Amino acid sequence: MSLCEMTHQCKAALCMLLMNLTISNTRLQVTNSSCNFPDGPEKTGDIERIKNEGKELTKEEKQRLRKEKKQQKKNKEKKDEKAPLESEKEKKPASSSPASQATAQPPTQKASSGVPAPAPVPVAASEAPSPVDKPAKSKAELKAERRARQEAERASKQSKKGEVGQQAAPSKAKAPPSELQPVVKRLPEHIQVDNPEVLKKLAKKLERQQIPLRSDYGYKVSLFSHLHQYSRKAPLTQQLSIPSSVIHPAIVQLGLQYSQGIVAGSNARSVALLHAFKQIIRDYTTPPNEELSRDLVNKLKPYISFLNQCRPLSASMGNAIKYIKKEISNIPSQCKEEEAKSKLQDCIDCYINEKIILAAKAIAKYAIEKISDGDVILVYGCSSLVNHILCEAFEKNRKFRVIVVDSRPRLEGREALRRLVQRGISCTYVLISAVSYILPEVSKVFLGAHALLANGYVMSRVGTSQIALVAKAFNVPVLVCCETYKFCERVQTDSFVSNELDDPDDLIVTRKGKTHLEHWQDVSSLGLLNLVYDVTPPDFVDLVITDLGMIPCTSVPVVLRVKNVDQ
Amino acid sequence: MEFQAVLMAAGGGSRMTDLTYNTPKAMLPVGNKPLMWYPLNLLERVGFEEVIVITTKEVQKMMSADPKIKQDVKMKLEVVCIQEDGDMGTADALRHIQPKIKTDILVVSCDLITDAALHEVVDLFRAHNATLAMLMSKAHEFTETVPGQKGKKKTAEQRDFVGVDESGKRLLFMANEADLEEGLSIRKSILRKHPRVHIKTGLVDAHLYCLKKSVVDFLTDNKSISSIRGELVPYLVRKQFSKTINGQKTKDDVEDQNQKKSDSSTNLELHISSRDEPLLQLAQERSCWNDHRGDMSEAYHGGKLRCYVHIMDQGLCYRVNTLAAYIEANRLVSGTYDVLNVFYCINIGSDSIIGASCQVAEKTSIKRSTIGNSTTVKEKVKVTNSIIMHGVTIEEGCNIQGSVICSNAIIGRGADLKYCLVGNGQRIEPEGEAHNIIGNDA
């Protein structure tokens, strides 16, 4: 890359030249065709030469290694494209040199010199001696070819390192210069949409699993251009055959229901997913020579990719999938198929019963202690758990009233309002823009959560953090209700890095016959953003009510640790 | 497997007997392909690999002889023959093949020519867990003059009244004018749940239905239903709002109502409710979605039987069951489907289709027409806007306009035919003139 390296290489080249000249005088007879293995009487001489050259090469090798380490460090700090490009270039001469091995001298000379000139410096050294020296063709060629082979190996190692480095780069600013590879978790692909490499890998993976790729829709606001944005009018089923043979029909149905929003809400999505898994397990037959424990897990992978394409998986779904996969892999191999299948179905039922239904009962029990008579409770959006708690409290004859806060474009609060009013609870309905006006009346805020992150942040519907912030400003206690199966190991401190972008056309509304945003795509400076989630810092949350009890927000990592130990 | 496709090809073509008295409707040539090739092509394009074809022995024989069906159709066709006496309705045919039905079915009629995106219909069926999903299209006016018609006629008053909800997807009401005596009456229960109903009359029913397996099982118990379109669909649409299906059911209720209602309704309810597992119920309860707003009821008003319809705005959708539709379809497919080899190129317009092994002599002019296989057209013939089937001989100097000439007919020299229908094997004398006549007998 730099001048100093060039000069080193030139020096190396000169050394080799001199060596070649001295030896070549005695080796003029060695000519044409197979340059690998010359005939008998010249063998010993050749071996000597090779040894000499070997020593030279090791020196050069060391030099080159040093250069490459420096380069590697630079690569880690630079952009990602360089590494794969370099590995590509380095692989090119590697592929051309074995070809040159078999052909005669003049064409080989052309071939080796024809190797791309802009190739990075480490490769240039192999070319430098060969075009210069005509009579010492064979030796230089042998050298070149050996060097090229080493280059290729080094390049492949480098590209592997480069990949890890490339993914480590966004998460780690400083790469350790030693040979120790940092143990870094890879960034999930669904938040790297603006990286064409990652997209290519995703496309390849989906192609292998025979699942259609859903294309992004519309202009994305630049802050969120690393996330997927799909249109509801272009469902994934457009590209599938109608009697879906690759994907189980239950999964196709589920994917459609997710993408159209018919099944929405963390608990509902998990339950529906587990129901679909039950159907898959019921319809599954082990192919011959396969084990259920391994084959079933492999069968589930394309389905999960499909569901991910329809709508990004939620944290609760992720945990449920992990649980199922673990259960499947733990099936002993001597277990009969029918037995295994019924065992798995029981596991699923058990999971739903414990983690969702009973957990809801336990949380309701704890939460009811916190609701006193005369309370004014504020809820946001439609959380199935919070609705359950309020209905239970009402059954237990607590006297309270509810304020339902709603926000566009989902307007889920209307559904919460309907469910509460149906039970007889007296409710008030406001939009989120009025929350600071209504807060002086409120005595408590109950919020639901989509997931609880390992650093105590609460991930929930967009707008929740606003409510928590305003409530904090008014000194109103904020209680978050969340089952433990929604706790996830992720750490996030802002809502940008990982989120979900919904269909931007949902923001278009028709009032008095006029639809102002109808042609928003034609206005080049306009972008519509429809975020789904946001994170609330633990400073704004006073208490988290889980099925394990009432814990402060910062105790989430403890619960996670205990859960992992249990499992 | 998700769906099984069923093609109903036993229909007799009762509304175009002039064309079908010799050739069964399923094998009528449209754009030189047999009519049933079009729905088979549709199913193949969409991804089906097997189709159950319900047809008569005659059609089966013709199918095995037809090159188009043998070569172009790559799917496996399982042919089920039924009697030709015509007493078997489409629902009876479904009952007949009930042992073969293992999953939900997609029923298509053989006379459907469409380029609809089937996934729209099927997505409604899947997403809402519907019992019935069907396809309809806005009807197009037929512009061509039809032989035998005196001027532009209005079809007999046999309109279909289709009621849909605000979203245009849920099917609320379906009745044919023939069944309504004084006026259209809509039940209060429908209006209470769906206060805004759009009633449409200008729709063509494509006869493409996605039905749940439980409906086929229900049919086996109810032998009184014999036609899908005529009886089953209106029955299902009505049953959506029937009191027996909705609301909380207890065992006593079911037993009480057993005496009042006929067996059919409780059977259907049992078939449907047994499929709704408690997990699905739980998922629906926890989901914050509702298909309507403004009243206190949950999604779908708690109803388990749901019927959906997808109404196509644009695109091709024709049911070839009348002569006018047949002519119109021929006109259109020459534009959309692959046009066969055109040789000689003597004044043959690009919107015409010429079949294989035809002999077209010089100085002929063929415009906007379809000419079948093995026809012979001699010199100085002018063919405009016509449909000429297979094996026809047209002698010199003829002038054929807007006509339909069935197979193996012979048109004598110098004949002048305008808007005529010439039957199978008929012979028109030389220098004959016919205007707006449908001729079947010699």
# chains A, B, ... in the order shown; residues from 1 in each chain; ligands from 1
$ interface_residues --of "chain A" --to "chain B" --cutoff "6 Å" --atoms "only C-alpha atoms" --output "JSON, numbers by chain"
{"A": [241, 242, 243, 249, 253, 256, 257, 262, 263, 264, 265, 268, 271, 272, 384]}
$ residues_around --residues "A:Asp502" --least-positions-apart "5" --cutoff "12 Å" --atoms "only C-alpha atoms" --output "MDAnalysis selection string"
chainID A and resid 216:218 220 224 227:232 258:261 310:312 409:410 462 507 528:533
$ residues_around --residues "B:Lys25" --least-positions-apart "4" --cutoff "7 Å" --atoms "only C-alpha atoms" --output "PyMOL selection string"
chain B and resi 11-13+20
$ atom_distance --atom1 "atom CA of B:Leu40" --atom2 "atom CA of B:Ser386"
25.5 Å
$ select_by_dssp --residues "stretch 26-103 of chain B" --states "alpha helix (DSSP H)" --output "ChimeraX atom specification"
/B:37-46,57-65,67-72,90-96
$ residues_around --residues "stretch 208-212 of chain A" --least-positions-apart "5" --cutoff "7 Å" --atoms "only C-alpha atoms" --output "ChimeraX atom specification"
/A:239,302,306
$ residues_around --residues "stretch 82-96 of chain B" --least-positions-apart "2" --cutoff "9 Å" --atoms "only C-alpha atoms" --output "list of chain:residue names"
B:Val6, B:Met8, B:Ala10, B:Gly11, B:Gly12, B:Ile54, B:Thr55, B:Thr56, B:Lys57, B:Glu58, B:Val80, B:Gln98, B:Pro99, B:Ile101, B:Val216, B:Asp217, B:Leu219, B:Thr220, B:Lys223, B:Ile225, B:Ser226, B:Ser227, B:Ile228, B:Arg229, B:Glu231, B:Leu232
$ write_last_selection --atoms "N, CA and C atoms" --output "mmCIF file, in the first residue's frame"
data_model
loop_
_atom_site.group_PDB
_atom_site.id
_atom_site.type_symbol
_atom_site.label_atom_id
_atom_site.label_comp_id
_atom_site.auth_asym_id
_atom_site.auth_seq_id
_atom_site.Cartn_x
_atom_site.Cartn_y
_atom_site.Cartn_z
ATOM 1 N N VAL B 6 -59.791 -28.800 -8.062
ATOM 2 C CA VAL B 6 -60.845 -29.591 -8.685
ATOM 3 C C VAL B 6 -61.364 -28.800 -9.867
ATOM 4 N N MET B 8 -64.186 -28.540 -12.717
ATOM 5 C CA MET B 8 -65.505 -29.065 -13.084
ATOM 6 C C MET B 8 -65.664 -28.939 -14.590
ATOM 7 N N ALA B 10 -67.775 -31.007 -16.519
ATOM 8 C CA ALA B 10 -68.854 -31.864 -17.002
ATOM 9 C C ALA B 10 -70.043 -31.058 -17.443
ATOM 10 N N GLY B 11 -69.916 -29.750 -17.411
ATOM 11 C CA GLY B 11 -71.050 -28.908 -17.743
ATOM 12 C C GLY B 11 -71.501 -29.092 -19.177
ATOM 13 N N GLY B 12 -72.777 -28.900 -19.416
ATOM 14 C CA GLY B 12 -73.295 -29.144 -20.741
ATOM 15 C C GLY B 12 -73.358 -27.929 -21.627
ATOM 16 N N ILE B 54 -63.246 -33.416 -13.112
ATOM 17 C CA ILE B 54 -64.524 -34.127 -13.101
ATOM 18 C C ILE B 54 -65.178 -33.882 -14.439
ATOM 19 N N THR B 55 -65.386 -34.927 -15.196
ATOM 20 C CA THR B 55 -65.871 -34.723 -16.546
ATOM 21 C C THR B 55 -66.619 -35.955 -17.022
ATOM 22 N N THR B 56 -67.062 -35.910 -18.269
ATOM 23 C CA THR B 56 -67.782 -37.049 -18.842
ATOM 24 C C THR B 56 -66.815 -37.890 -19.659
ATOM 25 N N LYS B 57 -67.281 -39.094 -20.022
ATOM 26 C CA LYS B 57 -66.396 -40.003 -20.763
ATOM 27 C C LYS B 57 -66.022 -39.421 -22.114
ATOM 28 N N GLU B 58 -66.978 -38.717 -22.702
ATOM 29 C CA GLU B 58 -66.719 -38.173 -24.031
ATOM 30 C C GLU B 58 -65.561 -37.174 -23.977
ATOM 31 N N VAL B 80 -62.048 -37.995 -13.242
ATOM 32 C CA VAL B 80 -63.149 -38.743 -12.626
ATOM 33 C C VAL B 80 -64.343 -38.588 -13.555
ATOM 34 N N GLN B 98 -65.714 -37.092 -2.644
ATOM 35 C CA GLN B 98 -65.337 -36.800 -1.259
ATOM 36 C C GLN B 98 -64.233 -37.704 -0.704
ATOM 37 N N PRO B 99 -64.198 -39.001 -1.030
ATOM 38 C CA PRO B 99 -63.109 -39.821 -0.492
ATOM 39 C C PRO B 99 -61.725 -39.381 -0.942
ATOM 40 N N ILE B 101 -60.788 -36.281 -1.246
ATOM 41 C CA ILE B 101 -60.460 -34.947 -0.740
ATOM 42 C C ILE B 101 -59.823 -35.087 0.630
ATOM 43 N N VAL B 216 -66.927 -29.884 2.443
ATOM 44 C CA VAL B 216 -67.127 -31.105 1.642
ATOM 45 C C VAL B 216 -67.719 -32.195 2.533
ATOM 46 N N ASP B 217 -67.224 -32.282 3.775
ATOM 47 C CA ASP B 217 -67.788 -33.274 4.699
ATOM 48 C C ASP B 217 -69.241 -32.958 4.987
ATOM 49 N N LEU B 219 -71.257 -31.555 2.957
ATOM 50 C CA LEU B 219 -72.044 -31.896 1.783
ATOM 51 C C LEU B 219 -72.427 -33.373 1.775
ATOM 52 N N THR B 220 -71.530 -34.196 2.281
ATOM 53 C CA THR B 220 -71.855 -35.626 2.278
ATOM 54 C C THR B 220 -73.024 -35.908 3.192
ATOM 55 N N LYS B 223 -77.615 -34.238 1.444
ATOM 56 C CA LYS B 223 -77.706 -34.566 0.038
ATOM 57 C C LYS B 223 -78.625 -33.622 -0.708
ATOM 58 N N ILE B 225 -78.257 -30.459 -1.237
ATOM 59 C CA ILE B 225 -77.586 -29.372 -1.961
ATOM 60 C C ILE B 225 -76.942 -29.972 -3.198
ATOM 61 N N SER B 226 -77.287 -29.454 -4.355
ATOM 62 C CA SER B 226 -76.739 -30.063 -5.563
ATOM 63 C C SER B 226 -75.888 -29.125 -6.396
ATOM 64 N N SER B 227 -75.993 -27.826 -6.200
ATOM 65 C CA SER B 227 -75.174 -26.936 -7.022
ATOM 66 C C SER B 227 -74.375 -26.020 -6.111
ATOM 67 N N ILE B 228 -73.127 -25.831 -6.426
ATOM 68 C CA ILE B 228 -72.294 -24.981 -5.577
ATOM 69 C C ILE B 228 -72.768 -23.543 -5.658
ATOM 70 N N ARG B 229 -72.851 -23.064 -6.888
ATOM 71 C CA ARG B 229 -73.155 -21.647 -7.054
ATOM 72 C C ARG B 229 -74.603 -21.351 -6.693
ATOM 73 N N GLU B 231 -76.772 -23.146 -4.768
ATOM 74 C CA GLU B 231 -77.307 -23.424 -3.443
ATOM 75 C C GLU B 231 -76.292 -23.338 -2.326
ATOM 76 N N LEU B 232 -75.113 -23.892 -2.552
ATOM 77 C CA LEU B 232 -74.149 -23.963 -1.445
ATOM 78 C C LEU B 232 -73.663 -22.581 -1.029
#
$ closest_residue --among "A:Ser215, A:Asn319, A:Ser495, A:Gln309" --to "A:Arg461" --atoms "only C-alpha atoms"
A:Ser495
$ atom_distance --atom1 "atom CA of B:Asn32" --atom2 "atom CA of B:His390"
8.4 Å
$ select_by_dssp --residues "stretch 249-483 of chain A" --states "strand (DSSP E)" --output "number ranges by chain"
A: 375-380, 400-406, 427-431, 444-448, 451-452, 458-461, 478-481
$ write_last_selection --atoms "N, CA and C atoms" --output "compact mmCIF listing (two decimals), in the first residue's frame"
# COMPACT_ATOMS: atom_id res chain seq x y z
N ASP A 375 -58.06 5.00 42.54
CA ASP A 375 -56.93 5.22 41.64
C ASP A 375 -57.40 5.67 40.27
N VAL A 376 -56.55 6.48 39.65
CA VAL A 376 -56.76 6.81 38.24
C VAL A 376 -55.56 6.23 37.50
N ILE A 377 -55.81 5.24 36.69
CA ILE A 377 -54.72 4.49 36.06
C ILE A 377 -54.63 4.87 34.60
N LEU A 378 -53.42 5.13 34.17
CA LEU A 378 -53.21 5.49 32.77
C LEU A 378 -52.59 4.29 32.07
N VAL A 379 -53.15 3.90 30.92
CA VAL A 379 -52.56 2.83 30.12
C VAL A 379 -52.33 3.36 28.71
N TYR A 380 -51.38 2.73 28.02
CA TYR A 380 -51.06 3.20 26.68
C TYR A 380 -51.23 2.04 25.70
N PHE A 400 -61.62 1.95 40.58
CA PHE A 400 -60.65 2.79 39.88
C PHE A 400 -61.23 3.18 38.54
N ARG A 401 -60.60 4.16 37.92
CA ARG A 401 -60.97 4.48 36.54
C ARG A 401 -59.71 4.54 35.69
N VAL A 402 -59.91 4.37 34.42
CA VAL A 402 -58.78 4.19 33.51
C VAL A 402 -58.77 5.31 32.48
N ILE A 403 -57.56 5.76 32.16
CA ILE A 403 -57.39 6.69 31.05
C ILE A 403 -56.59 5.96 29.98
N VAL A 404 -57.19 5.80 28.82
CA VAL A 404 -56.52 5.10 27.73
C VAL A 404 -55.90 6.14 26.80
N VAL A 405 -54.59 6.02 26.62
CA VAL A 405 -53.89 6.94 25.72
C VAL A 405 -53.62 6.20 24.42
N ASP A 406 -53.86 6.86 23.32
CA ASP A 406 -53.76 6.23 22.03
C ASP A 406 -52.87 7.04 21.10
N CYS A 427 -63.86 4.54 31.56
CA CYS A 427 -62.63 4.91 30.86
C CYS A 427 -62.71 6.30 30.26
N THR A 428 -61.54 6.89 30.08
CA THR A 428 -61.40 8.13 29.34
C THR A 428 -60.44 7.83 28.21
N TYR A 429 -60.65 8.49 27.08
CA TYR A 429 -59.80 8.20 25.93
C TYR A 429 -59.16 9.48 25.45
N VAL A 430 -57.82 9.50 25.37
CA VAL A 430 -57.15 10.67 24.82
C VAL A 430 -56.08 10.20 23.84
N LEU A 431 -55.62 11.14 23.04
CA LEU A 431 -54.49 10.85 22.17
C LEU A 431 -53.21 11.27 22.89
N LYS A 444 -51.36 6.49 38.74
CA LYS A 444 -50.38 5.45 38.39
C LYS A 444 -50.39 5.26 36.89
N VAL A 445 -49.27 4.78 36.38
CA VAL A 445 -49.20 4.45 34.96
C VAL A 445 -48.83 2.97 34.85
N PHE A 446 -49.65 2.22 34.12
CA PHE A 446 -49.34 0.82 33.87
C PHE A 446 -48.95 0.67 32.40
N LEU A 447 -47.78 0.11 32.15
CA LEU A 447 -47.34 -0.05 30.77
C LEU A 447 -47.04 -1.51 30.49
N GLY A 448 -47.32 -1.91 29.28
CA GLY A 448 -46.93 -3.26 28.87
C GLY A 448 -45.58 -3.19 28.18
N ALA A 451 -40.45 -6.31 25.19
CA ALA A 451 -39.30 -7.08 25.68
C ALA A 451 -38.60 -6.25 26.73
N LEU A 452 -37.86 -6.95 27.61
CA LEU A 452 -37.07 -6.24 28.61
C LEU A 452 -35.62 -6.57 28.31
N VAL A 458 -36.64 -0.88 28.66
CA VAL A 458 -37.90 -1.51 28.32
C VAL A 458 -38.19 -1.20 26.86
N MET A 459 -38.37 -2.27 26.06
CA MET A 459 -38.72 -2.06 24.66
C MET A 459 -40.21 -2.25 24.51
N SER A 460 -40.88 -1.24 24.01
CA SER A 460 -42.33 -1.33 23.91
C SER A 460 -42.80 -0.52 22.71
N ARG A 461 -44.11 -0.41 22.58
CA ARG A 461 -44.68 0.30 21.44
C ARG A 461 -44.18 1.74 21.42
N VAL A 478 -44.49 4.77 37.55
CA VAL A 478 -44.65 4.02 36.30
C VAL A 478 -44.37 2.55 36.60
N LEU A 479 -45.35 1.69 36.33
CA LEU A 479 -45.16 0.27 36.57
C LEU A 479 -45.22 -0.47 35.23
N VAL A 480 -44.20 -1.24 34.98
CA VAL A 480 -44.16 -2.01 33.73
C VAL A 480 -44.50 -3.45 34.05
N CYS A 481 -45.41 -4.04 33.32
CA CYS A 481 -45.81 -5.44 33.54
C CYS A 481 -45.25 -6.26 32.40
$ residues_around --residues "A:Tyr284" --least-positions-apart "4" --cutoff "9 Å" --atoms "only C-alpha atoms" --output "mmCIF file with all heavy atoms, in the first residue's frame"
data_model
loop_
_atom_site.group_PDB
_atom_site.id
_atom_site.type_symbol
_atom_site.label_atom_id
_atom_site.label_comp_id
_atom_site.auth_asym_id
_atom_site.auth_seq_id
_atom_site.Cartn_x
_atom_site.Cartn_y
_atom_site.Cartn_z
ATOM 1 N N GLN A 279 -48.776 -27.836 14.894
ATOM 2 C CA GLN A 279 -49.294 -28.450 13.668
ATOM 3 C C GLN A 279 -48.170 -29.044 12.843
ATOM 4 O O GLN A 279 -48.318 -30.115 12.241
ATOM 5 C CB GLN A 279 -50.040 -27.409 12.838
ATOM 6 C CG GLN A 279 -51.391 -27.099 13.407
ATOM 7 C CD GLN A 279 -52.147 -26.138 12.531
ATOM 8 O OE1 GLN A 279 -51.729 -25.004 12.371
ATOM 9 N NE2 GLN A 279 -53.217 -26.594 11.962
ATOM 10 N N ILE A 280 -47.036 -28.349 12.817
ATOM 11 C CA ILE A 280 -45.899 -28.875 12.047
ATOM 12 C C ILE A 280 -45.440 -30.194 12.640
ATOM 13 O O ILE A 280 -45.192 -31.171 11.928
ATOM 14 C CB ILE A 280 -44.739 -27.869 12.055
ATOM 15 C CG1 ILE A 280 -45.125 -26.618 11.299
ATOM 16 C CG2 ILE A 280 -43.499 -28.482 11.435
ATOM 17 C CD1 ILE A 280 -44.104 -25.549 11.425
ATOM 18 N N LEU A 296 -35.751 -32.329 12.547
ATOM 19 C CA LEU A 296 -36.869 -31.407 12.789
ATOM 20 C C LEU A 296 -36.362 -29.985 12.978
ATOM 21 O O LEU A 296 -36.975 -29.029 12.497
ATOM 22 C CB LEU A 296 -37.661 -31.876 14.018
ATOM 23 C CG LEU A 296 -38.963 -31.138 14.308
ATOM 24 C CD1 LEU A 296 -39.847 -31.097 13.100
ATOM 25 C CD2 LEU A 296 -39.677 -31.815 15.460
ATOM 26 N N LYS A 341 -43.177 -37.051 19.314
ATOM 27 C CA LYS A 341 -44.072 -35.984 18.863
ATOM 28 C C LYS A 341 -45.041 -35.589 19.970
ATOM 29 O O LYS A 341 -45.260 -34.394 20.225
ATOM 30 C CB LYS A 341 -44.846 -36.440 17.624
ATOM 31 C CG LYS A 341 -43.953 -36.470 16.410
ATOM 32 C CD LYS A 341 -44.529 -36.516 15.038
ATOM 33 C CE LYS A 341 -45.771 -37.189 14.695
ATOM 34 N NZ LYS A 341 -45.902 -37.347 13.232
#
$ atom_distance --atom1 "atom CA of B:Ala409" --atom2 "atom CA of B:Asn424"
5.7 Å
$ decode --residues "stretch 232-247 of chain A" --atoms "N, CA, C and O atoms" --output "mmCIF file, in the first residue's frame"
data_model
loop_
_atom_site.group_PDB
_atom_site.id
_atom_site.type_symbol
_atom_site.label_atom_id
_atom_site.label_comp_id
_atom_site.auth_asym_id
_atom_site.auth_seq_id
_atom_site.Cartn_x
_atom_site.Cartn_y
_atom_site.Cartn_z
ATOM 1 N N ARG A 232 -47.436 -3.487 2.888
ATOM 2 C CA ARG A 232 -48.443 -4.494 3.165
ATOM 3 C C ARG A 232 -49.121 -4.962 1.892
ATOM 4 O O ARG A 232 -49.665 -6.058 1.834
ATOM 5 N N LYS A 233 -49.082 -4.124 0.838
ATOM 6 C CA LYS A 233 -49.786 -4.511 -0.382
ATOM 7 C C LYS A 233 -48.991 -5.504 -1.205
ATOM 8 O O LYS A 233 -49.499 -6.019 -2.200
ATOM 9 N N ALA A 234 -47.754 -5.747 -0.833
ATOM 10 C CA ALA A 234 -46.954 -6.719 -1.574
ATOM 11 C C ALA A 234 -46.628 -7.870 -0.640
ATOM 12 O O ALA A 234 -45.538 -7.944 -0.087
ATOM 13 N N PRO A 235 -47.568 -8.775 -0.441
ATOM 14 C CA PRO A 235 -47.309 -9.851 0.505
ATOM 15 C C PRO A 235 -46.316 -10.847 -0.071
ATOM 16 O O PRO A 235 -46.141 -10.939 -1.281
ATOM 17 N N LEU A 236 -45.710 -11.586 0.811
ATOM 18 C CA LEU A 236 -44.707 -12.552 0.375
ATOM 19 C C LEU A 236 -45.340 -13.685 -0.402
ATOM 20 O O LEU A 236 -44.686 -14.346 -1.211
ATOM 21 N N THR A 237 -46.640 -13.910 -0.206
ATOM 22 C CA THR A 237 -47.286 -15.040 -0.864
ATOM 23 C C THR A 237 -47.415 -14.837 -2.367
ATOM 24 O O THR A 237 -47.709 -15.765 -3.100
ATOM 25 N N GLN A 238 -47.182 -13.595 -2.823
ATOM 26 C CA GLN A 238 -47.239 -13.347 -4.261
ATOM 27 C C GLN A 238 -46.225 -14.220 -4.993
ATOM 28 O O GLN A 238 -46.427 -14.623 -6.118
ATOM 29 N N GLN A 239 -45.105 -14.466 -4.330
ATOM 30 C CA GLN A 239 -44.039 -15.196 -4.998
ATOM 31 C C GLN A 239 -44.024 -16.672 -4.654
ATOM 32 O O GLN A 239 -43.131 -17.387 -5.063
ATOM 33 N N LEU A 240 -45.013 -17.096 -3.904
ATOM 34 C CA LEU A 240 -45.051 -18.505 -3.559
ATOM 35 C C LEU A 240 -46.042 -19.205 -4.457
ATOM 36 O O LEU A 240 -46.983 -18.609 -4.936
ATOM 37 N N SER A 241 -45.872 -20.510 -4.617
ATOM 38 C CA SER A 241 -46.895 -21.248 -5.355
ATOM 39 C C SER A 241 -48.075 -21.464 -4.421
ATOM 40 O O SER A 241 -47.913 -21.499 -3.210
ATOM 41 N N ILE A 242 -49.236 -21.623 -5.003
ATOM 42 C CA ILE A 242 -50.427 -21.586 -4.136
ATOM 43 C C ILE A 242 -50.565 -22.808 -3.259
ATOM 44 O O ILE A 242 -50.733 -22.664 -2.066
ATOM 45 N N PRO A 243 -50.497 -24.020 -3.733
ATOM 46 C CA PRO A 243 -50.494 -25.066 -2.720
ATOM 47 C C PRO A 243 -49.066 -25.154 -2.210
ATOM 48 O O PRO A 243 -48.237 -25.833 -2.767
ATOM 49 N N SER A 244 -48.789 -24.407 -1.138
ATOM 50 C CA SER A 244 -47.389 -24.226 -0.765
ATOM 51 C C SER A 244 -46.794 -25.553 -0.343
ATOM 52 O O SER A 244 -47.250 -26.163 0.626
ATOM 53 N N SER A 245 -45.809 -25.982 -1.080
ATOM 54 C CA SER A 245 -45.233 -27.292 -0.803
ATOM 55 C C SER A 245 -43.946 -27.159 -0.010
ATOM 56 O O SER A 245 -43.612 -28.031 0.762
ATOM 57 N N VAL A 246 -43.222 -26.041 -0.218
ATOM 58 C CA VAL A 246 -41.951 -25.887 0.474
ATOM 59 C C VAL A 246 -42.200 -25.520 1.927
ATOM 60 O O VAL A 246 -41.536 -26.006 2.835
ATOM 61 N N ILE A 247 -43.180 -24.647 2.119
ATOM 62 C CA ILE A 247 -43.456 -24.154 3.470
ATOM 63 C C ILE A 247 -44.768 -24.744 3.930
ATOM 64 O O ILE A 247 -45.746 -24.769 3.185
#
